[in-house]
Amino acid sequence: MTEPKKYVLSGPHGALTFMSLPEGTKITTIYGGAGEITANPGDGAYVLVRFTEHQDPAVVGTEEFVFFNEVREATE
Amino acid sequence: MVAIIRARGDRSIRDYIDPERGTVSRELYVNPDIFEQEMEQIFQRCWLFLGHESQIPNPGDFIISRMGTEEVIVVRDRKDNQIRAFLNSCRHRGMKVVRYDQGNALIFTCPFHAWTYDTTGRLVGAGFQHSPEAYCGTLPKEQWGLAEVAQFKNFYGSLWATWDPKAPSFEEYLGPFTESLRHCLQASDGTDAGLDMFTPFQRHRLPTNWKVPGFTSVTDLTHTAMTHRSAAAARLHQDRGSKGGRDRARQATPFPMSKYAIGDHNLGHGGMCTLYHQNGVPEYEEEWYEAGVDDYFREATARKAELLADKIMAPHGWGGGHFAIFPSVMVDSWRLRWWQPHSVGVVERWTLSGVDKTAPKHVRDAVRHYSERFNGPVGFFESDDMENWNYVFPASQGARARKLDYYFANGKGLGKYNDRLPGVVFNGSYTEEAQRARFSRWLAFMEAASWDDLYPVNKAADHRIW
Ligand code: FES
Ligand SMILES: [Fe+2]
């Protein structure tokens with residue numbers, strides 16, 4: 001089994017990669033949250049994520065816009 | 001708020017208009033202090049036109065429009081499909097949030113510090129909002145959404161808003177012009193909300209005061225005779241094709257109607273007016289050069305005639321001439337046009353031209369070409385207007401010129417009320433009645449402390465000054 005692709009969000013192409021992360025991408029946040037991208041506005045600043053884990057339990061199961069700086073990892 | 005600072009001798013605003021002589025001081029057009037007061041007293045209170053729903057048909061679609069000197073984002077929400085309007089100014093530090101004229105968005109993200117707003121204007125994110133070393137998750141987002149207009153109205157597809165929560169309803173604001181506006185927004189078969197506007201729409205930036213076109217040129221048939229003589233020579237005016245104008249087939253029995261210039265001095269609206277004296281609609285006249293277009297409109301007119309078989313058609317619109325809605329909108333059956341003030345001597349003219357929503361391509365193309373012939377790259381009808389408007393301002397603003405008055409007394413004293421449109425003064429087509437009505441209302445707004453002093457919130461108010 002091949003490893004799922006990890007997106008490189010740092011470095012010269014990081015911002016462009018972030019802008020076009022597709023729906024379904026798995027996200028973890030620097031605050032210990034985890035979820036999946038449900039929409040990408042393409043502004044390079046945010047992705048909309050449906051959370052399965054979140055530092056605020058009330059957010060689990062709902063969507064929140066996540067700032068690029070708060071994303072730890074994005075995987076296919 | 002009634003006196004004007006730094007004007008000649010700090011005159012009261014009322015001093016600038018002389019109803020006896022029928023004159024208006026040029027200061028009203030060239031004085032920046034008066035302009036600032038207009039933005040506060042008029043544009044912060046009136047119902048203003050924003051655009052048409054067909055410009056934003058899909059969830060998330062938005063356009064940038066203006067209210068006075070300020071930009072607003074007009075957006076169709078992704079969830080409830082409602083259209084709303086917000087000031088295009090970030091609540092954090094006032095950055096212009098949206099820099100595109102139109103588009104489709106999931107959120108509007110401010111490029112300064114990444115505050116971001118959804119299509120209902122709600123603040124839904126901010127850079128570092130969760131950081132324990134920054135916002136700590138304590139930003140009260142529910143209090144920091146985009147500033148939304150106080151009242152919004154989708155009137156048969158046309159979009160209007162006011163910043164004033166105490167403004168009367170849009171229909172009260174329109175008064176006896178309500179049915180006429182509705183009529184203008186109908187398709188040619190008489191069905192409601194029947195228009196699609198061409199996009200992108202036309203904009204012209206003109207070095208003149210907004211009242212030059214906005215107050216002075218809607219219903220000015222004497223200028224039509226003179227300024228547009230060139231267009232008449234080229235057979236552009238009322239001539240959409242090869243057979244228009246004088247070559248039109250004469251109707252066997254002319255449809256009974258009378259034409260006027262009208263003005264509602266309490267509401268400020270007015271313009272050209274045709275009163276019809278018989279049920280139904282005038283017989284369709286062939287006027288299109290392009291093949292098949294007359295067939296389309298003839299059939300649509302026949303359906304409209306059935307709808308209106310027992311009803312007199314609303315005044316104006318549809319061949320009845322254009323009219324203005326105070327302060328700065330002009331309406332007729334094929335376009336909505338409005339003047340956006342930028343500064344005392346700069347205005348933008350925006351024009352939306354429309355066609356029946358259900359029209360086939362060859363009809364849409366023909367109508368679009370017609371509107372381009374009016375003022376597109378190959379048009380000149382309205383370039384002639386713009387030449388006047390451009391030169392009026394510099395020729396009026398000099399230290400000597402601004403001490404003079406403008407003459408607005410054409411037809412003064414000849415107007416009469418008419419039961420067909422209660423409260424509206426009817427006058428001869430070539431008079432300046434509509435322009436005087438605009439100034440009656442202008443003065444009322446400039447003096448009023450709030451809507452409590454203004455008709456129709458204050459039903460007892462009578463703003464007619466001449
Ligand atoms: S000005 Fe918009 S985020 Fe700061
Ligand atoms: Fe004109």
# chains A, B, ... in the order shown; residues from 1 in each chain; ligands from 1
>>> select_by_dssp(residues="stretch 129-213 of chain B", states="alpha helix (DSSP H)", output="PyMOL selection string")
chain B and resi 170-174+178-184+211-213
>>> residues_around(residues="stretch 53-62 of chain A", least_positions_apart="2", cutoff="12 Å", atoms="only C-alpha atoms", output="ChimeraX atom specification")
/A:26-38,48-51,64-66 /B:130-131,137
>>> interface_residues(of="chain A", to="chain B", cutoff="9 Å", atoms="only C-alpha atoms", output="list in words")
Tyr31, Ala39, Asn40, Pro41, Gly42, Asp43, Ala45, Tyr46, Glu64, Phe65, Val66, Phe67, Phe68, Asn69 and Glu70 of chain A
>>> write_last_selection(atoms="N, CA and C atoms", output="short mmCIF file (atom, residue, chain, number, x, y, z; two decimals), in the first residue's frame")
data_model
loop_
_atom_site.label_atom_id
_atom_site.label_comp_id
_atom_site.auth_asym_id
_atom_site.auth_seq_id
_atom_site.Cartn_x
_atom_site.Cartn_y
_atom_site.Cartn_z
N TYR A 31 -3.64 22.91 16.61
CA TYR A 31 -4.27 22.83 17.94
C TYR A 31 -4.82 21.44 18.22
N ALA A 39 -14.80 22.55 1.37
CA ALA A 39 -14.79 23.55 0.29
C ALA A 39 -13.51 24.37 0.42
N ASN A 40 -13.01 24.80 -0.72
CA ASN A 40 -11.83 25.66 -0.71
C ASN A 40 -12.18 26.95 -1.45
N PRO A 41 -12.26 28.07 -0.73
CA PRO A 41 -12.65 29.32 -1.40
C PRO A 41 -11.60 29.79 -2.41
N GLY A 42 -10.40 29.23 -2.33
CA GLY A 42 -9.39 29.60 -3.32
C GLY A 42 -8.78 30.96 -3.07
N ASP A 43 -8.95 31.49 -1.85
CA ASP A 43 -8.36 32.81 -1.57
C ASP A 43 -6.96 32.70 -1.00
N ALA A 45 -6.11 31.88 1.82
CA ALA A 45 -6.08 32.15 3.25
C ALA A 45 -6.78 31.06 4.05
N TYR A 46 -7.90 30.56 3.52
CA TYR A 46 -8.73 29.64 4.30
C TYR A 46 -9.11 28.39 3.51
N GLU A 64 -15.81 24.70 9.95
CA GLU A 64 -15.20 25.97 10.36
C GLU A 64 -14.14 26.35 9.33
N PHE A 65 -14.00 27.63 9.10
CA PHE A 65 -12.92 28.07 8.20
C PHE A 65 -11.61 28.04 8.96
N VAL A 66 -10.60 27.43 8.32
CA VAL A 66 -9.31 27.26 8.97
C VAL A 66 -8.27 28.10 8.23
N PHE A 67 -7.60 28.93 8.98
CA PHE A 67 -6.58 29.81 8.43
C PHE A 67 -5.34 28.98 8.08
N PHE A 68 -4.68 29.34 6.98
CA PHE A 68 -3.56 28.50 6.49
C PHE A 68 -2.51 28.27 7.56
N ASN A 69 -2.33 29.27 8.39
CA ASN A 69 -1.30 29.22 9.41
C ASN A 69 -1.61 28.19 10.50
N GLU A 70 -2.89 27.78 10.59
CA GLU A 70 -3.29 26.83 11.62
C GLU A 70 -3.25 25.39 11.12
#
>>> closest_atom_pairs(of="chain B", to="ligand 2", cutoff="7 Å", atoms="only C-alpha atoms and all ligand atoms", output="CSV")
residue,atom,partner,partner_atom_place_in_ligand_line,distance
B:Ser217,CA,ligand 2,1 (Fe),6.8
B:His223,CA,ligand 2,1 (Fe),6.5
B:Thr224,CA,ligand 2,1 (Fe),5.7
B:Thr227,CA,ligand 2,1 (Fe),6.8
B:His228,CA,ligand 2,1 (Fe),6.5
B:Glu382,CA,ligand 2,1 (Fe),5.9
B:Asp385,CA,ligand 2,1 (Fe),4.8
>>> write_last_selection(atoms="C-alpha atoms", output="PDB file, in the first residue's frame")
ATOM      1  CA  SER B 217     -31.572  65.654 -17.709  1.00  0.00           C
ATOM      2  CA  HIS B 223     -32.487  69.176 -24.934  1.00  0.00           C
ATOM      3  CA  THR B 224     -33.770  66.203 -26.932  1.00  0.00           C
ATOM      4  CA  THR B 227     -28.719  68.024 -28.461  1.00  0.00           C
ATOM      5  CA  HIS B 228     -30.063  64.936 -30.168  1.00  0.00           C
ATOM      6  CA  GLU B 382     -25.568  59.669 -25.337  1.00  0.00           C
ATOM      7  CA  ASP B 385     -25.428  64.221 -23.639  1.00  0.00           C
TER       8      ASP B 385
END
>>> atom_distance(atom1="atom CA of B:Asn88", atom2="atom CA of B:Gly268")
28.5 Å
>>> atom_distance(atom1="atom CA of B:Val24", atom2="atom CA of B:Ala461")
22.1 Å
